[in-house]
Amino acid sequence: MKIDPGTKKNWVPASKQAVTVSYFYDVTRNSYRIISVDGAKVIINSTITPNMTFTKTSQKFGQWADSRANTVFGLGFSTEQQLTKFAEKFQEVKEAARLARDKSQDKTETSSDHSQESGCETPPSAQASSVNGTDDEKASHAGPADTFLQSENNKLKMALTQSAANVKKWETELQTLRESNARLSSALQESAASAEQWKRQLALCRDENDRLRNKIDQLDEQCGEINREKEKNSQLKRRIEELELELQEKETELKDLRKQSEIIPQLMSQCDYVSEKLEAAERDNQNLEDKVRSLKSDMEESKYRQRRLKEGLKNSLEVLDGKIDGLQDLRRGLSRLGSDS
């Protein structure tokens, strides 16, 4: 990124994707640079000076100010280790730039001292002869100048050769950066495709989750029906107990009537009445027994329906547990994908 030249506060992205940032040593100028290329566009070309400072503003972002370019560059890294490595390399290159500057200043001062000494030691007669001397003397003084020019020409040729080699080296680095950029673009496209696939799977999981919730609601309704059946069975059990008690009372009454008919011969006149009453009681008893059998049959049917409902509920809960385990595995996969990203 670069600082906004208008506000001097906001960051402006210099590239739309991740690019390679490299350190380069310029042999011809004896200087160090930070260079980054996005395709055919140079987005960073910053000469490192001993006065520069690289500042970490966060765990994955750092910046430095370039007074020559009149801007501030910012770099974001994927990990804190990469940021630390870049900052350490910046310090090393800055120290190397300082040593190169000191060495250059020492050479300048040494050459200046030699020129001053040679000027002071030249005798006045020699200076005069160089001005008013003969042609032979002028030719003798012109020889060293040609030698100096030839040496300078050789140095320029060497610098040109070195520059051509640097151009080839930079072209190779540029091609490497382009290939790296292509690989990064391909990886980014694959990551985007994978993210789209995960999004589709997440949508499917959400639909499955909604379907399972509806299934849970249905199971809750079935549980309510089972509870109502249990209550109905309890009522039937209480009714059967009441009928059994009533049957026992009728049987007791029937036994008493039979004893009375056997013990009291004088009640023969009432025997018909008692017989009729006994028959009525037996019919009532038969009806009660039929009712008991009917209630028992209803209770068995209710137990069978309850058992079927329990089995259906158990199977549904097993399916639900399997689906929930699948959702948990998918969540863990999504978490691992987020952390990798």
# chains A, B, ... in the order shown; residues from 1 in each chain; ligands from 1
$ residues_around --residues "segment 280-290 of chain A" --least-positions-apart "5" --cutoff "10 Å" --atoms "only C-alpha atoms" --output "VMD selection string"
chain A and resid 240 243 to 244 246 to 248 250 to 251 253 to 254 274 to 275 295 to 296
$ write_last_selection --atoms "N, CA and C atoms" --output "compact mmCIF listing (two decimals), in the first residue's frame"
# COMPACT_ATOMS: atom_id res chain seq x y z
N ILE A 240 -60.82 -50.64 34.75
CA ILE A 240 -60.79 -52.10 34.90
C ILE A 240 -60.77 -52.47 36.38
N LEU A 243 -64.20 -52.04 37.72
CA LEU A 243 -65.09 -53.13 37.28
C LEU A 243 -64.77 -54.43 37.99
N GLU A 244 -63.48 -54.68 38.24
CA GLU A 244 -63.13 -55.90 38.98
C GLU A 244 -63.68 -55.86 40.40
N GLU A 246 -66.31 -54.18 41.34
CA GLU A 246 -67.76 -54.36 41.22
C GLU A 246 -68.11 -55.82 40.96
N LEU A 247 -67.27 -56.50 40.17
CA LEU A 247 -67.51 -57.91 39.90
C LEU A 247 -67.35 -58.73 41.18
N GLN A 248 -66.32 -58.40 41.96
CA GLN A 248 -66.15 -59.11 43.23
C GLN A 248 -67.35 -58.90 44.15
N LYS A 250 -70.40 -58.28 43.18
CA LYS A 250 -71.51 -59.06 42.64
C LYS A 250 -71.36 -60.54 42.95
N GLU A 251 -70.13 -61.03 42.86
CA GLU A 251 -69.90 -62.43 43.18
C GLU A 251 -70.20 -62.71 44.65
N GLU A 253 -72.23 -61.01 46.52
CA GLU A 253 -73.69 -60.96 46.65
C GLU A 253 -74.33 -62.24 46.13
N LEU A 254 -73.81 -62.76 45.03
CA LEU A 254 -74.33 -64.00 44.47
C LEU A 254 -74.12 -65.17 45.42
N VAL A 274 -85.44 -65.09 43.49
CA VAL A 274 -83.99 -65.13 43.68
C VAL A 274 -83.29 -65.68 42.44
N SER A 275 -83.95 -66.70 41.83
CA SER A 275 -83.35 -67.27 40.61
C SER A 275 -83.25 -66.21 39.50
N LEU A 295 -61.95 -54.29 27.55
CA LEU A 295 -60.99 -53.31 28.07
C LEU A 295 -59.56 -53.87 28.01
N LYS A 296 -59.41 -55.17 28.32
CA LYS A 296 -58.08 -55.78 28.23
C LYS A 296 -57.58 -55.76 26.79
$ residues_around --residues "segment 192-208 of chain A" --least-positions-apart "5" --cutoff "9 Å" --atoms "only C-alpha atoms" --output "VMD selection string"
chain A and resid 187 213 323 327 330 334
$ closest_atom_pairs --of "segment 163-200 of chain A" --to "segment 30-41 of chain A" --cutoff "10 Å" --atoms "only C-alpha atoms" --output "JSON lines"
{"residue": "A:Glu173", "atom": "CA", "partner": "A:Val37", "partner_atom": "CA", "distance": 9.7}
{"residue": "A:Leu174", "atom": "CA", "partner": "A:Val37", "partner_atom": "CA", "distance": 7.3}
{"residue": "A:Gln175", "atom": "CA", "partner": "A:Gly39", "partner_atom": "CA", "distance": 9.2}
{"residue": "A:Leu177", "atom": "CA", "partner": "A:Val37", "partner_atom": "CA", "distance": 7.3}
{"residue": "A:Arg178", "atom": "CA", "partner": "A:Gly39", "partner_atom": "CA", "distance": 6.0}
{"residue": "A:Glu179", "atom": "CA", "partner": "A:Gly39", "partner_atom": "CA", "distance": 9.6}
{"residue": "A:Asn181", "atom": "CA", "partner": "A:Gly39", "partner_atom": "CA", "distance": 7.7}
{"residue": "A:Ala182", "atom": "CA", "partner": "A:Gly39", "partner_atom": "CA", "distance": 9.3}
$ write_last_selection --atoms "N, CA and C atoms" --output "compact mmCIF listing (two decimals), in the first residue's frame"
# COMPACT_ATOMS: atom_id res chain seq x y z
N GLU A 173 14.57 -11.95 -12.85
CA GLU A 173 13.79 -11.79 -11.61
C GLU A 173 12.35 -11.41 -11.94
N LEU A 174 12.17 -10.54 -12.96
CA LEU A 174 10.83 -10.14 -13.35
C LEU A 174 10.03 -11.33 -13.87
N GLN A 175 10.68 -12.18 -14.69
CA GLN A 175 10.01 -13.38 -15.18
C GLN A 175 9.63 -14.31 -14.03
N LEU A 177 9.09 -13.36 -10.96
CA LEU A 177 7.98 -12.73 -10.24
C LEU A 177 6.67 -12.94 -10.99
N ARG A 178 6.71 -12.86 -12.33
CA ARG A 178 5.48 -13.09 -13.10
C ARG A 178 4.98 -14.52 -12.93
N GLU A 179 5.93 -15.49 -12.98
CA GLU A 179 5.52 -16.89 -12.77
C GLU A 179 4.95 -17.09 -11.37
N ASN A 181 3.54 -14.78 -9.61
CA ASN A 181 2.24 -14.12 -9.62
C ASN A 181 1.19 -15.01 -10.26
N ALA A 182 1.56 -15.69 -11.37
CA ALA A 182 0.61 -16.60 -12.03
C ALA A 182 0.22 -17.75 -11.09
$ residues_around --residues "Gln82 of chain A" --least-positions-apart "4" --cutoff "12 Å" --atoms "only C-alpha atoms" --output "ChimeraX atom specification"
/A:21,56,59-62,75-78,86-89
$ atom_distance --atom1 "atom CA of Ile3 of chain A" --atom2 "atom CA of Ala69 of chain A"
11.5 Å
$ atom_distance --atom1 "atom CA of Phe73 of chain A" --atom2 "atom CA of Pro13 of chain A"
10.1 Å
$ atom_distance --atom1 "atom CA of Thr161 of chain A" --atom2 "atom CA of Val42 of chain A"
23.8 Å
$ residues_around --residues "segment 233-239 of chain A" --least-positions-apart "5" --cutoff "12 Å" --atoms "only C-alpha atoms" --output "list in words"
Ile226, Asn227, Arg228, Glu244, Leu245, Glu246, Leu288, Lys291, Val292, Arg293, Ser294, Leu295, Lys296, Ser297, Asp298, Met299, Glu300, Glu301, Ser302, Lys303, Tyr304, Arg305 and Gln306 of chain A
$ write_last_selection --atoms "C-alpha atoms" --output "PDB file, in the first residue's frame"
ATOM      1  CA  ILE A 226     -47.729 -41.106  23.250  1.00  0.00           C
ATOM      2  CA  ASN A 227     -48.321 -39.188  26.478  1.00  0.00           C
ATOM      3  CA  ARG A 228     -52.005 -38.911  25.675  1.00  0.00           C
ATOM      4  CA  GLU A 244     -63.127 -55.901  38.977  1.00  0.00           C
ATOM      5  CA  LEU A 245     -64.166 -54.557  42.386  1.00  0.00           C
ATOM      6  CA  GLU A 246     -67.759 -54.357  41.220  1.00  0.00           C
ATOM      7  CA  LEU A 288     -68.944 -57.231  33.037  1.00  0.00           C
ATOM      8  CA  LYS A 291     -66.433 -55.464  29.242  1.00  0.00           C
ATOM      9  CA  VAL A 292     -63.296 -56.596  31.077  1.00  0.00           C
ATOM     10  CA  ARG A 293     -62.188 -58.611  28.043  1.00  0.00           C
ATOM     11  CA  SER A 294     -62.933 -55.645  25.798  1.00  0.00           C
ATOM     12  CA  LEU A 295     -60.986 -53.313  28.074  1.00  0.00           C
ATOM     13  CA  LYS A 296     -58.083 -55.775  28.231  1.00  0.00           C
ATOM     14  CA  SER A 297     -58.109 -56.000  24.432  1.00  0.00           C
ATOM     15  CA  ASP A 298     -58.126 -52.211  24.218  1.00  0.00           C
ATOM     16  CA  MET A 299     -55.262 -52.060  26.701  1.00  0.00           C
ATOM     17  CA  GLU A 300     -53.217 -54.608  24.687  1.00  0.00           C
ATOM     18  CA  GLU A 301     -53.862 -52.647  21.510  1.00  0.00           C
ATOM     19  CA  SER A 302     -52.867 -49.434  23.270  1.00  0.00           C
ATOM     20  CA  LYS A 303     -49.659 -51.088  24.524  1.00  0.00           C
ATOM     21  CA  TYR A 304     -48.889 -52.304  21.008  1.00  0.00           C
ATOM     22  CA  ARG A 305     -49.411 -48.822  19.560  1.00  0.00           C
ATOM     23  CA  GLN A 306     -47.265 -47.339  22.307  1.00  0.00           C
TER      24      GLN A 306
END
$ closest_residue --among "A:Ala165, A:Thr71, A:Ala96, A:Glu318" --to "Asp4 of chain A" --atoms "only C-alpha atoms"
A:Thr71
$ residues_around --residues "Ala14 of chain A" --least-positions-apart "5" --cutoff "8 Å" --atoms "only C-alpha atoms" --output "list in words"
Met1, Lys2 and Ile43 of chain A
$ decode --residues "segment 275-308 of chain A" --atoms "N, CA, C and O atoms" --output "compact mmCIF listing (two decimals), in the first residue's frame"
# COMPACT_ATOMS: atom_id res chain seq x y z
N SER A 275 -83.95 -66.70 41.83
CA SER A 275 -83.35 -67.27 40.61
C SER A 275 -83.25 -66.21 39.50
O SER A 275 -82.25 -66.10 38.78
N GLU A 276 -84.38 -65.49 39.38
CA GLU A 276 -84.36 -64.43 38.37
C GLU A 276 -83.26 -63.40 38.66
O GLU A 276 -82.55 -62.94 37.75
N LYS A 277 -83.18 -63.07 39.97
CA LYS A 277 -82.16 -62.10 40.35
C LYS A 277 -80.76 -62.65 40.10
O LYS A 277 -79.84 -61.94 39.65
N LEU A 278 -80.64 -63.99 40.38
CA LEU A 278 -79.36 -64.64 40.14
C LEU A 278 -79.02 -64.64 38.65
O LEU A 278 -77.88 -64.39 38.25
N GLU A 279 -80.03 -64.96 37.84
CA GLU A 279 -79.78 -64.94 36.39
C GLU A 279 -79.39 -63.53 35.90
O GLU A 279 -78.50 -63.36 35.04
N ALA A 280 -80.13 -62.56 36.48
CA ALA A 280 -79.79 -61.17 36.10
C ALA A 280 -78.35 -60.83 36.51
O ALA A 280 -77.60 -60.18 35.77
N ALA A 281 -78.02 -61.32 37.72
CA ALA A 281 -76.65 -61.05 38.19
C ALA A 281 -75.62 -61.75 37.32
O ALA A 281 -74.55 -61.20 37.01
N GLU A 282 -75.99 -63.01 36.90
CA GLU A 282 -75.06 -63.72 36.03
C GLU A 282 -74.92 -63.01 34.67
O GLU A 282 -73.84 -62.94 34.10
N ARG A 283 -76.11 -62.53 34.20
CA ARG A 283 -76.00 -61.79 32.94
C ARG A 283 -75.14 -60.53 33.11
O ARG A 283 -74.33 -60.18 32.25
N ASP A 284 -75.39 -59.86 34.27
CA ASP A 284 -74.55 -58.67 34.53
C ASP A 284 -73.07 -59.06 34.63
O ASP A 284 -72.17 -58.33 34.17
N ASN A 285 -72.87 -60.24 35.29
CA ASN A 285 -71.48 -60.71 35.43
C ASN A 285 -70.87 -61.00 34.06
O ASN A 285 -69.72 -60.66 33.78
N GLN A 286 -71.73 -61.64 33.19
CA GLN A 286 -71.23 -61.94 31.85
C GLN A 286 -70.92 -60.66 31.08
O GLN A 286 -69.91 -60.54 30.38
N ASN A 287 -71.83 -59.68 31.26
CA ASN A 287 -71.59 -58.39 30.59
C ASN A 287 -70.31 -57.72 31.11
O ASN A 287 -69.51 -57.13 30.35
N LEU A 288 -70.15 -57.82 32.45
CA LEU A 288 -68.94 -57.23 33.04
C LEU A 288 -67.69 -57.95 32.54
O LEU A 288 -66.66 -57.32 32.25
N GLU A 289 -67.79 -59.30 32.44
CA GLU A 289 -66.64 -60.03 31.93
C GLU A 289 -66.35 -59.65 30.48
O GLU A 289 -65.18 -59.51 30.08
N ASP A 290 -67.44 -59.48 29.71
CA ASP A 290 -67.23 -59.03 28.31
C ASP A 290 -66.57 -57.66 28.28
O ASP A 290 -65.66 -57.40 27.48
N LYS A 291 -67.05 -56.79 29.19
CA LYS A 291 -66.43 -55.46 29.24
C LYS A 291 -64.96 -55.53 29.64
O LYS A 291 -64.11 -54.82 29.11
N VAL A 292 -64.68 -56.44 30.64
CA VAL A 292 -63.30 -56.60 31.08
C VAL A 292 -62.44 -57.09 29.92
O VAL A 292 -61.31 -56.61 29.69
N ARG A 293 -62.95 -58.10 29.18
CA ARG A 293 -62.19 -58.61 28.04
C ARG A 293 -61.97 -57.52 26.98
O ARG A 293 -60.91 -57.39 26.40
N SER A 294 -63.06 -56.73 26.78
CA SER A 294 -62.93 -55.64 25.80
C SER A 294 -61.91 -54.62 26.26
O SER A 294 -61.08 -54.14 25.47
N LEU A 295 -61.95 -54.29 27.55
CA LEU A 295 -60.99 -53.31 28.07
C LEU A 295 -59.56 -53.87 28.01
O LEU A 295 -58.61 -53.14 27.71
N LYS A 296 -59.41 -55.17 28.32
CA LYS A 296 -58.08 -55.78 28.23
C LYS A 296 -57.58 -55.76 26.79
O LYS A 296 -56.40 -55.51 26.52
N SER A 297 -58.51 -56.04 25.85
CA SER A 297 -58.11 -56.00 24.43
C SER A 297 -57.70 -54.58 24.03
O SER A 297 -56.69 -54.38 23.33
N ASP A 298 -58.49 -53.61 24.52
CA ASP A 298 -58.13 -52.21 24.22
C ASP A 298 -56.77 -51.85 24.83
O ASP A 298 -55.96 -51.12 24.23
N MET A 299 -56.53 -52.37 26.05
CA MET A 299 -55.26 -52.06 26.70
C MET A 299 -54.09 -52.70 25.95
O MET A 299 -53.04 -52.08 25.77
N GLU A 300 -54.27 -53.96 25.46
CA GLU A 300 -53.22 -54.61 24.69
C GLU A 300 -52.95 -53.85 23.38
O GLU A 300 -51.80 -53.66 22.98
N GLU A 301 -54.04 -53.42 22.75
CA GLU A 301 -53.86 -52.65 21.51
C GLU A 301 -53.15 -51.33 21.78
O GLU A 301 -52.28 -50.91 21.02
N SER A 302 -53.53 -50.70 22.91
CA SER A 302 -52.87 -49.43 23.27
C SER A 302 -51.39 -49.66 23.57
O SER A 302 -50.52 -48.86 23.17
N LYS A 303 -51.08 -50.78 24.26
CA LYS A 303 -49.66 -51.09 24.52
C LYS A 303 -48.90 -51.34 23.22
O LYS A 303 -47.74 -50.92 23.07
N TYR A 304 -49.55 -52.02 22.29
CA TYR A 304 -48.89 -52.30 21.01
C TYR A 304 -48.61 -51.00 20.24
O TYR A 304 -47.51 -50.79 19.71
N ARG A 305 -49.61 -50.12 20.22
CA ARG A 305 -49.41 -48.82 19.56
C ARG A 305 -48.32 -48.01 20.26
O ARG A 305 -47.50 -47.36 19.61
N GLN A 306 -48.31 -48.07 21.56
CA GLN A 306 -47.26 -47.34 22.31
C GLN A 306 -45.87 -47.89 22.01
O GLN A 306 -44.91 -47.15 21.84
N ARG A 307 -45.79 -49.25 21.93
CA ARG A 307 -44.51 -49.87 21.61
C ARG A 307 -44.05 -49.49 20.21
O ARG A 307 -42.88 -49.21 19.96
N ARG A 308 -45.02 -49.45 19.25
CA ARG A 308 -44.68 -49.05 17.88
C ARG A 308 -44.20 -47.60 17.85
O ARG A 308 -43.22 -47.25 17.16
